[in-house]
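Engineer: As input, take entry-v3.tsv (TSV, C-alpha atoms):
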chain	number	residue	atom	x	y	z
A	1	MET	CA	-140.77	361.54	222.88
A	2	ILE	CA	-137.07	361.39	223.87
A	3	ILE	CA	-136.38	364.75	222.21
A	4	ARG	CA	-139.25	366.27	224.19
A	5	ARG	CA	-137.80	364.92	227.44
A	6	ILE	CA	-134.35	366.27	226.53
A	7	VAL	CA	-135.82	369.72	225.87
A	8	GLU	CA	-137.77	369.57	229.13
A	9	SER	CA	-134.67	368.56	231.11
A	10	LEU	CA	-132.76	371.50	229.63
A	11	ARG	CA	-135.59	373.89	230.43
A	12	THR	CA	-135.71	372.72	234.04
A	13	ARG	CA	-131.89	372.50	234.18
A	14	ASN	CA	-132.05	368.86	235.17
A	15	PHE	CA	-128.67	368.04	233.66
A	16	SER	CA	-128.43	364.50	234.97
A	17	ILE	CA	-131.60	363.49	233.15
A	18	PHE	CA	-130.40	365.41	230.10
A	19	ALA	CA	-127.16	363.42	230.08
A	20	VAL	CA	-128.97	360.11	230.41
A	21	GLU	CA	-131.44	360.97	227.64
A	22	LEU	CA	-128.60	362.17	225.37
A	23	ILE	CA	-126.69	358.94	225.91
A	24	VAL	CA	-129.81	356.98	225.05
A	25	VAL	CA	-130.14	358.94	221.79
A	26	ILE	CA	-126.47	358.47	220.87
A	27	VAL	CA	-126.57	354.75	221.65
A	28	GLY	CA	-129.75	354.38	219.63
A	29	VAL	CA	-128.26	356.16	216.63
A	30	PHE	CA	-125.08	354.06	216.90
A	31	ILE	CA	-127.03	350.81	217.06
A	32	GLY	CA	-129.15	351.90	214.12
A	33	LEU	CA	-126.08	352.67	212.03
A	34	GLN	CA	-124.48	349.36	213.00
A	35	VAL	CA	-127.60	347.43	212.05
A	36	SER	CA	-127.69	349.28	208.71
A	37	ASN	CA	-124.00	348.56	208.11
A	38	TRP	CA	-124.45	344.89	209.01
A	39	ASN	CA	-127.40	344.65	206.67
A	40	ASP	CA	-125.45	346.33	203.84
A	41	ALA	CA	-122.50	344.01	204.46
A	42	ARG	CA	-124.80	340.99	204.37
A	43	ILE	CA	-126.29	342.17	201.07
A	44	ASP	CA	-122.81	342.78	199.61
A	45	LEU	CA	-121.68	339.34	200.74
A	46	SER	CA	-124.71	337.76	199.08
A	47	ARG	CA	-124.08	339.68	195.85
A	48	ALA	CA	-120.38	338.77	195.89
A	49	HIS	CA	-121.32	335.11	196.37
A	50	SER	CA	-123.69	335.29	193.40
A	51	TYR	CA	-121.03	336.91	191.19
A	52	LEU	CA	-118.42	334.33	192.25
A	53	GLU	CA	-120.81	331.49	191.36
A	54	ARG	CA	-121.28	333.02	187.92
A	55	ILE	CA	-117.53	333.54	187.45
A	56	ARG	CA	-117.00	329.90	188.42
A	57	ASP	CA	-119.46	328.85	185.72
A	58	ASP	CA	-117.65	331.07	183.19
A	59	LEU	CA	-114.26	329.60	184.12
A	60	GLU	CA	-115.53	326.04	183.93
A	61	SER	CA	-116.94	326.79	180.49
A	62	ASP	CA	-113.59	328.27	179.41
A	63	ILE	CA	-111.67	325.23	180.68
A	64	ILE	CA	-113.90	322.84	178.71
A	65	ASN	CA	-113.64	324.99	175.59
A	66	TYR	CA	-109.86	325.35	175.90
A	67	GLN	CA	-109.44	321.59	176.20
A	68	ASP	CA	-111.55	321.14	173.07
A	69	ARG	CA	-109.62	323.81	171.12
A	70	LEU	CA	-106.23	322.47	172.23
A	71	GLY	CA	-107.14	319.03	170.90
A	72	LEU	CA	-108.21	320.45	167.54
A	73	TRP	CA	-105.15	322.72	167.25
A	74	GLU	CA	-102.96	319.66	167.85
A	75	GLU	CA	-104.67	317.80	165.01
A	76	VAL	CA	-104.50	320.79	162.66
A	77	SER	CA	-100.79	321.10	163.46
A	78	ALA	CA	-100.25	317.42	162.69
A	79	TYR	CA	-101.97	317.76	159.31
A	80	GLY	CA	-99.96	320.88	158.52
A	81	GLY	CA	-96.75	319.10	159.49
A	82	GLN	CA	-97.51	316.31	157.02
A	83	GLY	CA	-98.11	318.82	154.25
A	84	LEU	CA	-94.93	320.77	154.99
A	85	THR	CA	-92.81	317.63	155.20
A	86	TYR	CA	-93.95	316.55	151.74
A	87	ALA	CA	-93.51	320.05	150.28
A	88	ASN	CA	-89.98	320.30	151.70
A	89	THR	CA	-88.70	316.75	151.12
A	90	GLY	CA	-91.05	314.95	148.74
A	91	ASN	CA	-91.27	312.20	151.36
A	92	MET	CA	-94.80	310.86	151.75
A	93	GLU	CA	-93.89	309.02	154.98
A	94	GLY	CA	-96.28	306.16	154.29
A	95	LEU	CA	-99.21	308.40	153.36
A	96	THR	CA	-101.26	308.07	150.20
A	97	GLU	CA	-101.84	310.94	147.79
A	98	TRP	CA	-105.37	311.24	149.17
A	99	ASP	CA	-104.03	311.40	152.73
A	100	LEU	CA	-101.81	314.31	151.73
A	101	LEU	CA	-104.59	316.14	149.90
A	102	LEU	CA	-106.84	315.70	152.92
A	103	ALA	CA	-104.01	316.93	155.18
A	104	TYR	CA	-103.62	320.11	153.12
A	105	PHE	CA	-107.34	320.78	153.46
A	106	GLN	CA	-107.67	319.92	157.16
A	107	ALA	CA	-104.62	322.08	157.94
A	108	SER	CA	-106.78	325.05	156.91
A	109	GLN	CA	-109.31	324.40	159.69
A	110	LEU	CA	-109.53	326.77	162.62
A	111	ALA	CA	-111.25	326.87	165.98
A	112	GLU	CA	-111.55	330.35	167.40
A	113	PHE	CA	-111.59	330.82	171.14
A	114	HIS	CA	-113.32	333.71	172.90
A	115	THR	CA	-113.15	333.95	176.69
A	116	THR	CA	-116.48	333.89	178.53
A	117	ARG	CA	-116.27	337.25	180.28
A	118	SER	CA	-119.78	338.70	180.61
A	119	THR	CA	-119.82	338.39	184.43
A	120	TYR	CA	-116.42	340.05	184.86
A	121	ASP	CA	-117.35	342.85	182.43
A	122	GLU	CA	-120.58	343.41	184.36
A	123	LEU	CA	-118.64	343.73	187.62
A	124	LYS	CA	-116.09	346.06	186.05
A	125	SER	CA	-118.53	348.33	184.22
A	126	GLY	CA	-120.68	348.62	187.36
A	127	GLY	CA	-117.68	349.57	189.50
A	128	GLU	CA	-118.34	346.58	191.72
A	129	LEU	CA	-115.06	344.67	191.57
A	130	GLY	CA	-114.63	345.74	195.21
A	131	LEU	CA	-117.31	343.20	196.13
A	132	ILE	CA	-114.54	340.62	195.64
A	133	ARG	CA	-112.53	341.50	198.72
A	134	ASP	CA	-109.68	339.06	198.14
A	135	LEU	CA	-107.01	341.24	196.49
A	136	GLU	CA	-105.05	338.27	195.13
A	137	LEU	CA	-108.16	336.92	193.42
A	138	ARG	CA	-109.01	340.32	191.98
A	139	ASN	CA	-105.51	340.65	190.55
A	140	LEU	CA	-105.62	337.15	189.04
A	141	LEU	CA	-109.02	337.85	187.49
A	142	ALA	CA	-107.73	341.12	186.03
A	143	ARG	CA	-104.72	339.28	184.58
A	144	TYR	CA	-106.91	336.54	183.12
A	145	TYR	CA	-109.51	338.82	181.52
A	146	THR	CA	-107.12	341.59	180.42
A	147	ASN	CA	-105.28	339.09	178.20
A	148	ALA	CA	-108.48	337.41	177.02
A	149	ASP	CA	-108.65	338.64	173.44
A	150	ASN	CA	-105.27	337.77	171.96
A	151	PRO	CA	-105.72	337.66	168.15
A	152	VAL	CA	-103.63	334.47	167.92
A	153	LEU	CA	-106.61	332.58	169.34
A	154	SER	CA	-109.01	333.84	166.68
A	155	GLU	CA	-106.85	334.41	163.58
A	156	ARG	CA	-108.13	333.50	160.12
A	157	PRO	CA	-105.08	332.62	157.98
A	158	ALA	CA	-104.55	333.50	154.32
A	159	TYR	CA	-103.68	329.83	153.76
A	160	ARG	CA	-107.28	328.87	154.55
A	161	GLU	CA	-108.65	331.00	151.73
A	162	HIS	CA	-105.99	330.17	149.17
A	163	VAL	CA	-105.79	326.39	149.56
A	164	ARG	CA	-109.56	326.13	149.40
A	165	GLY	CA	-109.42	328.11	146.17
A	166	LEU	CA	-107.29	325.34	144.64
A	167	ILE	CA	-109.17	322.24	145.77
A	168	PRO	CA	-112.25	321.45	143.60
A	169	LEU	CA	-115.56	322.13	145.32
A	170	ASN	CA	-116.87	318.58	144.88
A	171	ILE	CA	-113.88	317.27	146.85
A	172	GLN	CA	-114.38	319.88	149.57
A	173	ASN	CA	-118.06	318.95	149.83
A	174	TYR	CA	-117.08	315.30	150.19
A	175	ILE	CA	-114.66	316.20	152.99
A	176	TRP	CA	-117.32	318.21	154.83
A	177	GLU	CA	-119.80	315.37	154.59
A	178	ASN	CA	-117.51	312.41	155.28
A	179	CYS	CA	-114.25	313.55	156.88
A	180	TYR	CA	-115.54	316.16	159.35
A	181	SER	CA	-118.24	316.56	161.97
A	182	THR	CA	-119.39	319.28	164.35
A	183	ASP	CA	-122.12	319.85	166.91
A	184	GLY	CA	-122.02	323.58	166.24
A	185	ASP	CA	-119.16	324.18	168.66
A	186	SER	CA	-116.79	321.22	168.92
A	187	GLN	CA	-115.21	319.93	165.70
A	188	ARG	CA	-113.98	316.44	164.86
A	189	PHE	CA	-111.88	315.03	162.02
A	190	LEU	CA	-112.98	311.63	160.70
A	191	GLU	CA	-111.23	308.94	158.72
A	192	CYS	CA	-112.62	308.67	155.19
A	193	GLU	CA	-111.98	306.86	151.95
A	194	ALA	CA	-110.62	308.62	148.86
A	195	PRO	CA	-113.49	309.83	146.64
A	196	ILE	CA	-111.21	310.30	143.62
A	197	PRO	CA	-108.50	308.24	141.87
A	198	MET	CA	-105.03	308.52	143.43
A	199	LYS	CA	-103.73	309.94	140.15
A	200	GLU	CA	-106.07	312.93	140.44
A	201	ALA	CA	-105.23	313.34	144.14
A	202	ALA	CA	-101.49	313.27	143.24
A	203	ARG	CA	-102.01	316.03	140.64
A	204	LEU	CA	-103.72	318.28	143.18
A	205	VAL	CA	-101.08	317.55	145.83
A	206	GLU	CA	-98.37	318.62	143.39
A	207	VAL	CA	-100.22	321.85	142.55
A	208	ILE	CA	-100.41	322.72	146.24
A	209	SER	CA	-96.96	321.55	147.33
A	210	LYS	CA	-95.20	323.34	144.45
A	211	ASN	CA	-96.93	326.65	145.21
A	212	ALA	CA	-94.21	328.52	147.12
A	213	GLN	CA	-96.57	331.24	148.39
A	214	LEU	CA	-99.07	328.68	149.66
A	215	VAL	CA	-96.36	326.66	151.41
A	216	SER	CA	-95.10	329.88	153.02
A	217	GLU	CA	-98.62	330.65	154.25
A	218	LEU	CA	-98.96	327.12	155.62
A	219	ARG	CA	-95.63	327.48	157.44
A	220	TYR	CA	-96.84	330.75	158.97
A	221	TRP	CA	-100.15	329.17	159.99
A	222	MET	CA	-98.36	326.25	161.66
A	223	SER	CA	-96.18	328.73	163.57
A	224	THR	CA	-99.34	330.51	164.69
A	225	MET	CA	-100.85	327.21	165.77
A	226	ARG	CA	-97.76	326.56	167.88
A	227	VAL	CA	-98.17	329.91	169.63
A	228	ALA	CA	-101.89	329.21	170.12
A	229	LEU	CA	-101.06	325.88	171.80
A	230	ILE	CA	-98.56	327.55	174.12
A	231	MET	CA	-100.99	330.31	175.03
A	232	GLY	CA	-103.93	327.94	175.31
A	233	ASN	CA	-102.08	325.67	177.73
A	234	GLY	CA	-100.99	328.65	179.82
A	235	ARG	CA	-104.46	330.15	179.95
A	236	THR	CA	-105.99	326.76	180.79
A	237	LYS	CA	-103.68	326.47	183.81
A	238	LEU	CA	-104.58	330.01	184.92
A	239	ALA	CA	-108.30	329.30	184.48
A	240	GLU	CA	-107.94	326.12	186.56
A	241	GLN	CA	-106.03	328.02	189.27
A	242	LEU	CA	-108.71	330.70	189.38
A	243	ASN	CA	-111.47	328.12	189.41
A	244	ASN	CA	-109.93	326.36	192.42
A	245	ILE	CA	-109.70	329.63	194.36
A	246	VAL	CA	-113.26	330.64	193.47
A	247	ASN	CA	-114.56	327.18	194.36
A	248	GLU	CA	-112.98	327.41	197.81
A	249	MET	CA	-114.47	330.86	198.38
A	250	VAL	CA	-117.94	329.86	197.19
A	251	ASP	CA	-117.92	326.67	199.28
A	252	GLY	CA	-116.62	328.60	202.30
A	253	GLN	CA	-119.39	331.21	202.05
A	254	SER	CA	-122.03	328.51	201.60
A	255	SER	CA	-121.03	326.56	204.70
In structure tokens, write the structure found in this file.
Structural biologist:
Amino acid sequence: MIIRRIVESLRTRNFSIFAVELIVVIVGVFIGLQVSNWNDARIDLSRAHSYLERIRDDLESDIINYQDRLGLWEEVSAYGGQGLTYANTGNMEGLTEWDLLLAYFQASQLAEFHTTRSTYDELKSGGELGLIRDLELRNLLARYYTNADNPVLSERPAYREHVRGLIPLNIQNYIWENCYSTDGDSQRFLECEAPIPMKEAARLVEVISKNAQLVSELRYWMSTMRVALIMGNGRTKLAEQLNNIVNEMVDGQSS
């Protein structure tokens, strides 16, 4: 209808009406574009909010898992330290032969850590990181997820294979059933009585502690555990920093 009136005003050379009708068209198009832009922005804001909520869940899961792994790595390091001290000095430091044998076995335990990154990978692969408009947050997320897969946090040491090749299977089975527990994710070390005479435990301890290659592998594994603890603590702090920022943004968008 408006186009018809514009054409008619041009035909009759009624330029004042033409100008008014043209302005109406331009204003209408402008308002339509603005409404479309506002609607797109609202949709993007909603999608960004949804992604941030999911990233928050991922970070909270990582923080819990890191705290669990850090605790286990500390215990593994303590067991390894006991084994190395005896191998290097012959000093039992108040431990029994069974305690030392158990320490050599538990020092072979590991707890891999893999960052929860499905949400970030989805954003990145879809080219939608721009939905997160805060540049500082985007940079921190990139830093956190780029360094997510350090092999130190998922290494399987040679010591694990070799020491378990020396300890009789019946003793290992006893340890699994009485000195260890897991819910499928978290692991716990338990106090347990010796299932064998101390004389037999002493013989096995000597076999392990006098094996120079095995002691070297244990030393390497304990060094790796130290690095894992340093990295784990650093990444936990970064995850907590990110989680605080994301929480503020999510809460701010919700209010």
Engineer: Rounded to one decimal, what separation in Å do you get between CA of Pro195 in chain A and CA of Met222 in chain A?
Structural biologist: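 If I compute the distance from CA of Pro195 in chain A to CA of Met222 in chain A, I get 26.9 Å.
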Engineer: Quick one: distance from CA of Tyr159 in chain A to CA of Gly80 in chain A in Å, one decimal?
Structural biologist: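 Distance reported for this atom pair: 10.8 Å.
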Engineer: Name the closest residue to Tyr79 in chain A among the candidates A:Tyr145, A:Phe189, A:Tyr180, A:Tyr220; distances are taken between atoms, counting only C-alpha atoms.
Structural biologist: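 Smallest distance to Tyr79 in chain A is found for A:Phe189.
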Engineer: Skipping near chain neighbours, those fewer than 4 positions away, what residues fall within 10 Å of range 56-69 of chain A using all atoms listed in the file, listed as a VMD selection string?
Structural biologist: chain A and resid 50 to 52 73 to 75 110 to 120 153 185 to 188 228 to 229 232 to 233 235 to 247 250
Engineer: What does the distance between CA of Val205 in chain A and CA of Thr182 in chain A come to in Å, to one decimal place?
Structural biologist: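 According to the coordinates, CA of Val205 in chain A and CA of Thr182 in chain A are separated by 26.1 Å.
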Engineer: Some atoms are missing, so please complete range 137-158 of chain A with N, CA and C atoms and return it as a compact mmCIF listing (two decimals), in the coordinates of the input.
Structural biologist:
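Output file part-v6.txt is given in full below:
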# COMPACT_ATOMS: atom_id res chain seq x y z
N LEU A 137 -107.20 337.41 194.41
CA LEU A 137 -108.16 336.92 193.42
C LEU A 137 -108.50 338.00 192.42
N ARG A 138 -108.71 339.22 192.90
CA ARG A 138 -109.01 340.32 191.98
C ARG A 138 -107.89 340.53 190.97
N ASN A 139 -106.65 340.46 191.44
CA ASN A 139 -105.51 340.65 190.55
C ASN A 139 -105.41 339.52 189.52
N LEU A 140 -105.67 338.28 189.96
CA LEU A 140 -105.62 337.15 189.04
C LEU A 140 -106.73 337.25 188.00
N LEU A 141 -107.91 337.68 188.43
CA LEU A 141 -109.02 337.85 187.49
C LEU A 141 -108.70 338.94 186.46
N ALA A 142 -108.11 340.03 186.94
CA ALA A 142 -107.73 341.12 186.03
C ALA A 142 -106.70 340.62 185.01
N ARG A 143 -105.74 339.84 185.48
CA ARG A 143 -104.72 339.28 184.58
C ARG A 143 -105.35 338.34 183.56
N TYR A 144 -106.29 337.52 184.01
CA TYR A 144 -106.91 336.54 183.12
C TYR A 144 -107.76 337.23 182.05
N TYR A 145 -108.58 338.20 182.47
CA TYR A 145 -109.51 338.82 181.52
C TYR A 145 -108.87 339.93 180.70
N THR A 146 -107.80 340.56 181.21
CA THR A 146 -107.12 341.59 180.42
C THR A 146 -106.47 340.99 179.19
N ASN A 147 -105.96 339.76 179.32
CA ASN A 147 -105.28 339.09 178.20
C ASN A 147 -106.21 338.13 177.47
N ALA A 148 -107.50 338.38 177.54
CA ALA A 148 -108.48 337.41 177.02
C ALA A 148 -108.59 337.40 175.50
N ASP A 149 -108.31 338.51 174.87
CA ASP A 149 -108.65 338.64 173.44
C ASP A 149 -107.42 338.67 172.54
N ASN A 150 -106.45 337.82 172.82
CA ASN A 150 -105.27 337.77 171.96
C ASN A 150 -105.67 337.29 170.57
N PRO A 151 -105.29 338.02 169.52
CA PRO A 151 -105.72 337.66 168.15
C PRO A 151 -105.21 336.30 167.69
N VAL A 152 -104.15 335.79 168.31
CA VAL A 152 -103.63 334.47 167.92
C VAL A 152 -104.70 333.40 168.08
N LEU A 153 -105.60 333.59 169.05
CA LEU A 153 -106.61 332.58 169.34
C LEU A 153 -107.84 332.70 168.44
N SER A 154 -107.84 333.69 167.57
CA SER A 154 -109.01 333.84 166.68
C SER A 154 -108.60 334.27 165.26
N GLU A 155 -107.35 333.99 164.90
CA GLU A 155 -106.85 334.41 163.58
C GLU A 155 -107.43 333.54 162.47
N ARG A 156 -107.68 334.20 161.32
CA ARG A 156 -108.13 333.50 160.12
C ARG A 156 -107.02 333.61 159.07
N PRO A 157 -106.28 332.53 158.81
CA PRO A 157 -105.08 332.62 157.98
C PRO A 157 -105.38 332.75 156.49
N ALA A 158 -104.43 333.39 155.78
CA ALA A 158 -104.55 333.50 154.32
C ALA A 158 -104.51 332.12 153.68
